[in-house]
Structures are given as structure tokens and as C-alpha cells.
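Below is one structure; the comments refer to it alone.
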Protein chains: 2
Amino acid sequence: MVKIAIFGVGTVGEAVVKILQENREIIKARAGKEIIPVIGVVKNLNKKRNIELELTDSSREALDRNDIDIVVELMGGIEEPLKIVRKALQLGKPVVTANKALLAYHRYELQDIAGDVAFEYEASVAGGIPIINALRDGLSANHIKSIKGILNGTSNYILTKMIKNGTDFKIALAEAQALGYAEADPTFDIGGFDAGHKLLILSSIAYGIDAKPEDILIEGIEGISSYDIAFAKEFGYSIKLLGIAKIVIDEVELRVHPVMIRDNEMIAKVDGVMNGISVVGDRVGETLYYGAGAGGDATASAVVANLIDIVRHNKKSPMLGFKHPLEVGKLKLKERGKIESKYYLRIPVIDKAGVLAEISRVFGDLDISIEALLQKNINSSSANILIATHQTRERNILRAISKIEALQPVLSRPYMMRIEK
Amino acid sequence: MVKIAIFGVGTVGEAVVKILQENREIIKARAGKEIIPVIGVVKNLNKKRNIELELTDSSREALDRNDIDIVVELMGGIEEPLKIVRKALQLGKPVVTANKALLAYHRYELQDIAGDVAFEYEASVAGGIPIINALRDGLSANHIKSIKGILNGTSNYILTKMIKNGTDFKIALAEAQALGYAEADPTFDIGGFDAGHKLLILSSIAYGIDAKPEDILIEGIEGISSYDIAFAKEFGYSIKLLGIAKIVIDEVELRVHPVMIRDNEMIAKVDGVMNGISVVGDRVGETLYYGAGAGGDATASAVVANLIDIVRHNKKSPMLGFKHPLEVGKLKLKERGKIESKYYLRIPVIDKAGVLAEISRVFGDLDISIEALLQKNINSSSANILIATHQTRERNILRAISKIEALQPVLSRPYMMRIEK
């Protein structure tokens with residue numbers, strides 16, 4: 001019998017306890033032993049919960065118990081969980097966490113402390129989809145060429161509504177909030193930060209990249225308008241918020257932003273609150289993983305899978321999938337300006353003769369060639385010029401945007417989105 | 001350093017050797033040790049091969065070598081590999097195989113022999129997609145409610161051509177053969193047998209079902225005509241060859257056959273030679289896994305992932321994912337007649353008054369209600385009546401087919417396809 005302590009008994013914690021109790025027989029068969037939750041650590045002992053579990057509000061008490069075999073951390077936040085996970089690993093106790101923020105900032109420190117002690121975190125990325133498992137074990141024979149993930153269900157729900165139903169961004173967001181898919185303050189989700197945390201975790205496994213959220217390019221979906229949707233539809237694109245990790249020679253691009261992507265790509269077909277991650281390996285080619293990225297049960301499914309995995313094996317594989325930090329530090333993060341992509345620009349202008357020529361000259365001067373162009377009237381005196389470019393450097397497009405913004409007939413800073421191939 | 005012997009050095013065997021050599025550094029980092037192929041067993045020593053590896057034509061010689069740590073079996077066939085795998089496991093040597101036919105017939109016997117010795121077979125199902133890994137480890141907290149897989153790339157290529165391009169079955173098959181996606185004798189692929197072998201492997205992990213290919217319902221895609229394609233398009237369906245394992249109370253349905261399936265389902269979007277497997281767990285909901293189901297490199301990716309996994313862990317989890325055969329033998333295979341589904345029928349008739357009434361009466365008498373009906377003329381005197389039914393038992397639809405076939409204006413036995421929801 002294996003005894004676990006659960007730090008943080010919210011939606012996911014309760015779901016973990018329920019799975020362990022309700023799927024007990026099958027878990028015992030698969031793990032080889034029973035896994036029993038024996039103590040839960042909570043802030044508020046008075047709050048009513050839907051599970052039977054002894055509770056305490058003292059982390060210390062739970063950590064000091066000698067009968068605890070595995071620690072499950074589901075608290076949220078960073079500082080407090082960091083102390084608990086550190087302490088548990090130092091005591092030699094395996095840890096399972098779903099805490100992406102903790103890992104986005106402290107994964108290498110925790111890997112060092114863990115050493116041979118199991119430290120698992122499947123639930124931290126894409127909820128119930130076993131993507132860590134796939135990257136670390138299933139694709140271990142491959143150099144990973146790229147990872148492209150729809151890692152945030154809230155944003156994907158909003159974008160799907162905008163594209164499929166023509167819903168306005170604000171209304172789609174309000175719908176997502178009403179359905180419980182978005183928080184009252186949705187910034188963390190729609191601003192791309194949640195996806196950024198997850199991308200950092202995945203890229204550590206694939207590349208050993210030790211970057212923090214502040215180091216990488218993160219843009220959200222707030223600026224997308226009905227004009228962008230119309231342009232995308234016209235040219236056969238879908239719009240997705242993607243977390244992208246891509247190797248280019250000896251550098252890694254890490255970026256989170258909305259993209260236009262061909263609607264016949266498999267990842268473009270991942271709709272609604274679902275998550276999907278496309279991974280390209282040098283041997284296996286593209287594989288894609290799809291499922292629920294959030295929700296108590298789906299997340300708990302991943303937590304319990306980690307518990308079973310720890311109990312099955314006497315000794316675990318290293319946290320990030322490599323014992324020798326071969327690729328850690330070898331690959332450098334690519335500078336933003338050097339990223340290459342196709343770009344989409346929406347340029348609001350006063351609708352008068354010559355404006356297109358002025359804009360075209362900016363592109364010409366910077367050697368950016370234009371692949372497609374649409375003009376859509378806003379009202380009788382103004383219009384949006386919608387442009388897709390051929391491949392160019394991000395540095396060039398940023399320059400073009402600044403120059404175009406300064407043109408007299410241009411009404412405000414152009415909106416830019418990358419076109420992912 | 002870990003030494004391996006490779007039995008069968010064809011396309012996949014060569015690709016395994018190349019990955020181990022070309023991705024040596026990353027594999028060492030991930031496995032913790034170097035993995036070196038030291039001997040290959042082949043039938044024909046004179047055949048030219050594109051790799052550097054010592055070869056022998058004596059299985060016995062390779063098996064008797066004391067320095068071999070892991071045996072890789074990539075021979076094809078059943079009897080000879082069975083002897084080799086048995087022998088290796090009896091010697092306590094871990095085995096990795098890609099041999100689906102071997103497993104479709106002998107997986108339980110081999111699991112018994114293996115005991116605590118690692119026996120891995122990721123490459124046997126869906127090539128490079130880590131679906132065994134997902135089912136056995138990633139989703140281990142779940143009761144698996146269903147598995148629906150596009151497990152045969154050849155059939156999926158042909159069906160995609162038929163649906164997307166309107167290509168005739170025979171021409172699509174010829175194209176697949178010209179591209180090397182289909183064998184000269186394509187029966188094994190397009191008849192559903194290949195998918196059946198794979199389905200049996202997956203259903204063992206999910207349900208512990210000990211069935212053989214002969215025990216389950218297997219139908220191929222040979223009978224699909226342009227009329228069926230037209231009907232599917234008209235009503236928003238795609239046509240896929242699915243391997244389906246589904247739990248219904250205390251019975252498991254195992255079946256391989258073409259289905260009409262709503263074209264907005266994620267699995268319906270898996271096109272061309274690609275494979276995709278949708279797995280529904282009681283906690284995680286639907287997850288889907290997509291990638292190349294065949295090809296030397298993709299298959300070898302899975303073989304090498306298994307090798308790394310074995311080297312990483314001192315002791316492996318049991319072959320089928322459970323140590324105690326909790327669910328083995330508990331769940332029974334559902335009788336074909338009791339399967340429930342919606343059905344599509346194509347009924348070729350002489351086009352004269354009253355024929356529809358006669359056919360309708362058969363359905364009415366058997367309590368089968370009709371959801372949709374189309375009549376398409378074949379020529380001036382004959383037509384196809386295309387019918388979709390509501391949910392009914394397979395037994396009923398088989399009775400209906402026999403009765404309809406016996407009607408005077410019916411030209412030949414109706415063609416039936418299941419409609420999967």
C-alpha cells in the first residue's frame with residue numbers, strides 16, 4: 001500500500017481523491033499496489049468538500065508524517081509550493097505536481113534537487129493529454145524539430161467562436177466567462193501567459209532550454225478583429241493561439257502568439273476548449289496529441305497516471321527525460337528579430353488615392369514582398385488594408401510597422417499576426 | 001553500454017540501426033547508456049544493405065551470444081519469431097518487437113513467459129505514434145470506455161481519395177500500389193485484417209481481452225461504391241475504416257469495418273496514409289493520437305523508444321500494463337448479433353412503382369426505423385435506394401438484408417455499412 005498526501009484540495013485535488021477511490025481496483029492492477037490518499041492540506045478547514053479525506057491546515061504536519069510515500073502538490077501559486085516540493089524531494093519523497101507556474105520558473109532547480117527521486121508533472125501541460133509522456137518516452141529516439149501547441153482552452157474557445165460563428169471577440173470572451181472557461185480577469189489565459197508557461201515546460205524536455213516566461217515572445221489574442229477573421233477565411237486560414245518551439249540550426253525559437261495557419265493542417269482542426277499539440281520528430285515525422293486541456297477530472301487523470309507510474313517502477317527516469325544534460329545550455333534561444341515568418345498586417349487608413357502606393361513603397365524599401373492583399377471599407381472615409389507577406393525576418397516587419405504607422409494616411413499602428421506554415 | 005541483436009534487417013531494421021547510430025548522442029543522454037546494435041540476423045547474407053552491421057544467418061548464433069542485452073525482433077511471420085522471442089525471454093533477455101501478427105495470436109503466452117522481463121511492442125500498432133505508451137501509462141488512471149482507430153494507412157489513403165477526389169475504389173487502390181502504400185496483394189490491408197491485429201493488441205491493454213483475429217468481426221473496404229460516397233457527403237459523413245473496441249456494461253465489442261462518421265469528429269479529420277486513434281477514458285474524456293502509422297523511420301522511432309525505456313528502468317512495468325490480471329477474462333466479447341448501431345444500406349433495385357413500399361415493409365416488420373433515404377438512378381431501368389436507419393441491433397439489420405435480398409425487384413444483396421456516432 002502506498003500512501004499519499006495532497007497539498008491543495010480544490011477541484012483537481014478532489015478529483016484525484018475520487019479517482020483513487022472509485023477506480024481503486026483498476027489502479028491497483030496497473031500499479032501493482034493500492035494507492036491511498038491519507039491526508040489533504042488545505043487553507044480553510046471549514047470549507048465543505050465533496051470527499052472523504054482527513055484534512056489539516058498545516059503543511060509541516062503533513063510533510064513530517066513518516067507514513068507518507070508520495071507528495072501531490074496542487075496548490076497553485078509559486079513560493080509556498082516551491083518550499084513544499086523542495087522539502088519533499090530533499091526528504092527523498094517522490095512528488096507529483098500540476099503546477100505549471102512553479103515549473104516555468106524552477107524546473108531546473110527542482111530537477112537538481114530531485115536527482116533520482118521521481119518528480120512528475122504530466123498534468124502541468126495540456127491537462128489529461130499525456131504529452132509529457134509522449135515527448136519524454138514515446139518520442140525519445142527523435143531529435144524534436146518543432147512543437148506547436150494549442151495549449152490554452154480559453155483562447156481556443158474564443159477563437160473558434162470568432163471563426164466559426166463570426167462572434168465578436170468581446171462577446172466570445174463573455175460567453176467563455178459565462179461557461180466557466182474564462183476567469184473574471186482573463187489576462188493570464190488570453191494574454192498567452194498560461195500557454196507560455198506550458199511551452200517552457202515542453203521545450204525543456206525537448207531541448208533542455210532554461211528560459212523563464214520573461215525571456216520569450218508572448219502575445220495574446222486581444223487584438224484580433226473581424227477584419228482579420230475575414231482575411232483568414234478568404235485565404236483558407238484558421239486562427240489559433242500557438243505555443244511554438246522550433247529548432248533552427250543551433251538556436252531554438254520559443255514564442256506564443258496568434259497565428260494564421262492553413263485550415264487543412266491537423267492542428268488547425270483542434271476547436272473549442274480542446275488542446276492539441278503537434279510534435280515533429282526527425283524520424284517519426286509529425287505526431288499530434290489531442291484532448292481536454294483543463295477540468296478537474298482530466299487534470300486528475302494525469303496526476304493519477306503519474307502516481308501509478310511512480311509506484312510501478314522502483315526507480316524513475318529523470319524529470320526532464322535526460323540524465324546527462326547533453327542539450328542543456330547548448331542550444332541558445334533565438335533573438336526575436338531573427339525569427340522568420342510570413343506576416344499578416346491590418347492597416348487602418350484614410351481611404352484616398354495614393355495610400356496603397358505609400359504603403360507598398362515601405363515594403364519595397366525593406367525587401368518584403370507581398371503575397372496577398374485585400375481592402376475592406378470601415379466606413380465611407382476609412383478602410384483596412386489587409387496584407388499577407390512572403391517570408392521575412394521579424395526585425396524587418398517591425399521596421400515596416402513603425403514606418404507605416406508614421407505615414408500620414410495611416411490611422412493607427414498596424415495590427416500584426418504571424419502566418420505559420 | 002547496452003548491446004542489441006536485431007532479428008530481421010529489412011526497412012525497419014535498417015532504420016533502427018541508423019537511428020541508433022545517427023542519434024547516438026541524444027539517445028545516450030536519454031537512456032543513460034549507449035545502445036549499440038552488434039549483430040543482425042538475416043535470411044540472405046548476400047543482399048546489399050545500407051548499414052554497417054555484422055550479419056549472420058543463424059538465429060541460434062545470435063541468441064547464444066552472451067554479450068547481447070536486448071533482442072529486437074523485426075522478422076515478420078509468426079512461427080519463427082515466436083520461437084526466437086520465447087527463447088530470448090526464457091533467457092531473461094528483454095525483447096522489443098514490431099510484430100503485430102505475433103502479438104495478435106500469442107500476446108498472453110508471451111506475457112506469461114516474460115514475467116518481470118521487459119517485453120515491449122510500441123511499433124506493433126500505428127507505427128511511430130506512442131499509443132501503447134499512452135494507453136498503458138498516460139491513461140492508466142482511467143477505465144477505457146472506447147478505442148476507435150484508423151489503424152491502416154493503406155485503407156485510409158484509398159478512402160480519402162474516394163471521398164475528397166471522387167476517385168473510384170479500383171483506381172485509388174492502383175494509385176496506392178504505385179506509391180508503395182499498398183502491396184501487390186492488398187487483401188491484408190484493405191480487408192481489415194491488419195487493423196484487426198492492431199485492435200486486438202490495444203484491447204488487451206485496455207480490457208485484458210484474450211481474443212484472436214478469427215474471433216472478431218472484420219470487414220474491409222472493398223465493397224464501397226461511389227453511391228455510398230455520395231450518400232455520405234449528402235448527410236455530412238466521412239467514411240473511415242475503424243477498429244473499434246467499446247465497453248458496453250460487462251461486454252466488449254471488438255470490430256473492424258468501414259463506418260460513416262460525422263465529418264466534424266476529430267477522427268474523421270485523419271486523412272491520407274496517416275493513422276489516428278481516439279481513446280475515451282472515464283476521467284479524461286476523449287484523447288486522440290495522430291501520426292504516421294507505417295514507414296521504416298516512424299516504425300523504428302517506436303522500436304528505439306522502447307529500447308531507451310528498457311535501458312532507463314531497471315525493472316519494467318508488465319507487458320500489458322497490469323501485473324494482476326484483474327480484468328482478464330472478466331469482460332466478455334460481445335456477440336455480433338447484439339451489437340447496436342445505426343446502419344446504412346445500399347439496395348440495387350429495378351426502378352418500378354411499389355419497390356420502396358416493399359422495402360419499407362421489411363424495416364417496419366423488424367421495428368427498424370428509417371432516418372434518411374435517397375434514391376439514385378443507375379440507368380433508365382434500375383436505381384440504388386440508399387437508406388440510413390436509426391439505432392438497431394445488428395441481428396435485426398442482418399435479417400432485414402436477407403429479407404430485402406429475397407424481394408423480387410431487388411437486384412443483388414444490399415451493401416451495408418455501420419454509421420458510428
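We name chains A, B, ... following the order of the C-alpha cells; residues begin at 1 in each chain, and ligands are numbered from 1 as shown.
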*Quick one: residues within 7 Å of range 332-342 of chain A, only C-alpha atoms counted, chain neighbours fewer than 2 positions away excluded, as a VMD selection string?*
chain A and resid 250 to 253 329 to 330 389 to 395 418 to 420
Got time to write the residues from that selection, N, CA and C atoms, as a PDB file, in the first residue's frame?
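Written output follows (part26.pdb):
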ATOM      1  N   ASP A 250      21.269  25.920 -34.731  1.00  0.00           N
ATOM      2  CA  ASP A 250      21.658  25.701 -33.334  1.00  0.00           C
ATOM      3  C   ASP A 250      20.920  26.645 -32.381  1.00  0.00           C
ATOM      4  N   GLU A 251      19.799  27.158 -32.846  1.00  0.00           N
ATOM      5  CA  GLU A 251      19.009  28.022 -31.978  1.00  0.00           C
ATOM      6  C   GLU A 251      17.580  27.508 -31.876  1.00  0.00           C
ATOM      7  N   VAL A 252      16.943  27.867 -30.764  1.00  0.00           N
ATOM      8  CA  VAL A 252      15.552  27.482 -30.569  1.00  0.00           C
ATOM      9  C   VAL A 252      14.695  28.736 -30.535  1.00  0.00           C
ATOM     10  N   GLU A 253      13.651  28.727 -31.331  1.00  0.00           N
ATOM     11  CA  GLU A 253      12.645  29.781 -31.247  1.00  0.00           C
ATOM     12  C   GLU A 253      11.597  29.363 -30.229  1.00  0.00           C
ATOM     13  N   GLY A 329      21.796  24.124 -22.305  1.00  0.00           N
ATOM     14  CA  GLY A 329      22.798  25.178 -22.466  1.00  0.00           C
ATOM     15  C   GLY A 329      23.463  25.159 -23.830  1.00  0.00           C
ATOM     16  N   LYS A 330      23.352  24.059 -24.549  1.00  0.00           N
ATOM     17  CA  LYS A 330      23.978  24.003 -25.876  1.00  0.00           C
ATOM     18  C   LYS A 330      23.179  24.805 -26.882  1.00  0.00           C
ATOM     19  N   THR A 389       2.425  38.869 -46.227  1.00  0.00           N
ATOM     20  CA  THR A 389       3.736  38.973 -46.858  1.00  0.00           C
ATOM     21  C   THR A 389       4.298  37.584 -47.135  1.00  0.00           C
ATOM     22  N   HIS A 390       5.299  37.527 -47.973  1.00  0.00           N
ATOM     23  CA  HIS A 390       6.115  36.323 -48.052  1.00  0.00           C
ATOM     24  C   HIS A 390       7.044  36.282 -46.833  1.00  0.00           C
ATOM     25  N   GLN A 391       7.817  35.226 -46.759  1.00  0.00           N
ATOM     26  CA  GLN A 391       8.761  35.016 -45.646  1.00  0.00           C
ATOM     27  C   GLN A 391       9.709  36.228 -45.479  1.00  0.00           C
ATOM     28  N   THR A 392       9.837  36.702 -44.242  1.00  0.00           N
ATOM     29  CA  THR A 392      10.814  37.760 -43.967  1.00  0.00           C
ATOM     30  C   THR A 392      11.220  37.667 -42.495  1.00  0.00           C
ATOM     31  N   ARG A 393      12.180  38.489 -42.117  1.00  0.00           N
ATOM     32  CA  ARG A 393      12.603  38.476 -40.719  1.00  0.00           C
ATOM     33  C   ARG A 393      11.690  39.349 -39.867  1.00  0.00           C
ATOM     34  N   GLU A 394      11.473  38.947 -38.642  1.00  0.00           N
ATOM     35  CA  GLU A 394      10.634  39.712 -37.718  1.00  0.00           C
ATOM     36  C   GLU A 394      11.157  41.155 -37.591  1.00  0.00           C
ATOM     37  N   ARG A 395      12.470  41.291 -37.581  1.00  0.00           N
ATOM     38  CA  ARG A 395      13.076  42.620 -37.486  1.00  0.00           C
ATOM     39  C   ARG A 395      12.568  43.534 -38.615  1.00  0.00           C
ATOM     40  N   ARG A 418       1.374  36.568 -37.152  1.00  0.00           N
ATOM     41  CA  ARG A 418       2.254  35.726 -37.963  1.00  0.00           C
ATOM     42  C   ARG A 418       1.449  34.655 -38.712  1.00  0.00           C
ATOM     43  N   ILE A 419       1.939  34.296 -39.878  1.00  0.00           N
ATOM     44  CA  ILE A 419       1.304  33.233 -40.665  1.00  0.00           C
ATOM     45  C   ILE A 419       2.220  32.020 -40.576  1.00  0.00           C
ATOM     46  N   GLU A 420       1.722  30.969 -39.934  1.00  0.00           N
ATOM     47  CA  GLU A 420       2.574  29.813 -39.653  1.00  0.00           C
ATOM     48  C   GLU A 420       2.402  28.787 -40.760  1.00  0.00           C
TER      49      GLU A 420
END
*Any idea what's packed within 8 Å of range 302-307 of chain A, counting only C-alpha atoms, ignoring anything in its chain fewer than 6 positions away? Could you give it as a PyMOL selection string?*
(chain A and resi 16+19-20+35+70+96-98+120-123+127-130) or (chain B and resi 137-141)
*Using only C-alpha atoms, select each residue of chain A with any atom at most 6 Å away from an atom of chain B, and give the selection as a ChimeraX atom specification.*
/A:29-30,32,128,130,138,140-141,283-284,286-291,297-298,301,304-305,321-324
*Could you give me the residues within range 169-405 of chain B that DSSP places in alpha helix (DSSP H), as an NGL selection string?*
:B and (169-178 or 187-190 or 193-207 or 226-234 or 296-312 or 355-365 or 394-405)
*Which neighbours of Glu358 in chain A fall inside 9 Å, counting only C-alpha atoms, when residues of the same chain fewer than 3 positions from it are skipped, and could you give them as a ChimeraX atom specification?*
/A:354-355,361-362,404,407
Store the residues picked out above, limited to C-alpha atoms, as an mmCIF file, in the first residue's frame.
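The resulting again_16.cif:
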data_model
loop_
_atom_site.group_PDB
_atom_site.id
_atom_site.type_symbol
_atom_site.label_atom_id
_atom_site.label_comp_id
_atom_site.auth_asym_id
_atom_site.auth_seq_id
_atom_site.Cartn_x
_atom_site.Cartn_y
_atom_site.Cartn_z
ATOM 1 C CA GLY A 354 -2.108 57.011 -53.250
ATOM 2 C CA VAL A 355 -2.250 55.398 -49.817
ATOM 3 C CA ARG A 361 6.940 51.611 -51.018
ATOM 4 C CA VAL A 362 7.706 50.821 -47.347
ATOM 5 C CA ILE A 404 3.772 52.537 -41.925
ATOM 6 C CA LEU A 407 2.582 57.578 -42.773
#
*Could you find all residues in range 176-412 of chain B that DSSP calls strand (DSSP E) from the backbone, and write them as a VMD selection string?*
chain B and resid 217 to 218 237 to 248 251 to 262 274 to 281 285 to 292 332 to 333 340 to 350 370 to 377 382 to 389 392 to 393
*Could you work out how far CA of Leu179 in chain B lies from CA of Asn44 in chain B, giving the answer in Å with one decimal?*
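Separating CA of Asn44 in chain B from CA of Leu179 in chain B is a distance of 26.3 Å.
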_Shell of 9 Å around Lys246 in chain A, only C-alpha atoms, local chain residues under 6 positions omitted, as number ranges by chain_ = A: 144-148, 203, 252-254
_Residue contacts of Asp228 in chain B (9 Å, only C-alpha atoms) excluding same-chain residues fewer than 5 positions away, as a list in words_ =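 Surrounding residues, per the criterion: Lys233, Ile239, Tyr344, Leu345, Arg346, Leu386 and Met417 of chain B.
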*Calculate how many Å separate CA of Asn50 in chain A from CA of Ile36 in chain A, rounding to one decimal.*
16.9 Å
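Summary of the local environment: counting only C-alpha atoms, residues at most 8 Å from range 158-160 of chain B, other than itself and those fewer than 3 positions away along its chain, are Thr154, Ser155, Ile163, Lys164, Asn165, Phe169, Ala172, Leu173, Ala176, Ile239, Lys240, Asp271 and Gly272 of chain B.
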*Quick one, how far is CA of Pro213 in chain B from CA of Phe193 in chain B?*
7.6 Å
*Which residues, written as a ChimeraX atom specification, have at least one atom at most 10 Å from Val38 in chain A, with only C-alpha atoms counted and residues fewer than 4 positions away on the same chain left out?*
/A:2-6,17,52-55,62,67-68
Write out, as a compact mmCIF listing (two decimals), in the first residue's frame, the residues just selected, with C-alpha atoms.
# COMPACT_ATOMS: atom_id res chain seq x y z
CA VAL A 2 1.28 3.43 -0.98
CA LYS A 3 0.15 6.48 0.97
CA ILE A 4 -0.09 9.94 -0.49
CA ALA A 5 -0.55 13.44 0.89
CA ILE A 6 -2.36 16.01 -1.25
CA VAL A 17 -9.17 11.54 -4.42
CA GLU A 52 -13.84 11.80 2.49
CA LEU A 53 -10.26 12.64 3.46
CA GLU A 54 -8.56 13.67 6.65
CA LEU A 55 -7.62 17.34 6.36
CA ALA A 62 1.72 16.59 6.51
CA ASP A 67 3.97 7.22 6.58
CA ILE A 68 3.61 9.45 3.52
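Compared by their closest atoms to Tyr181 in chain B, and using only C-alpha atoms, the residues B:Val273, B:Leu374, B:Leu151, B:Leu82 rank with B:Val273 nearest.
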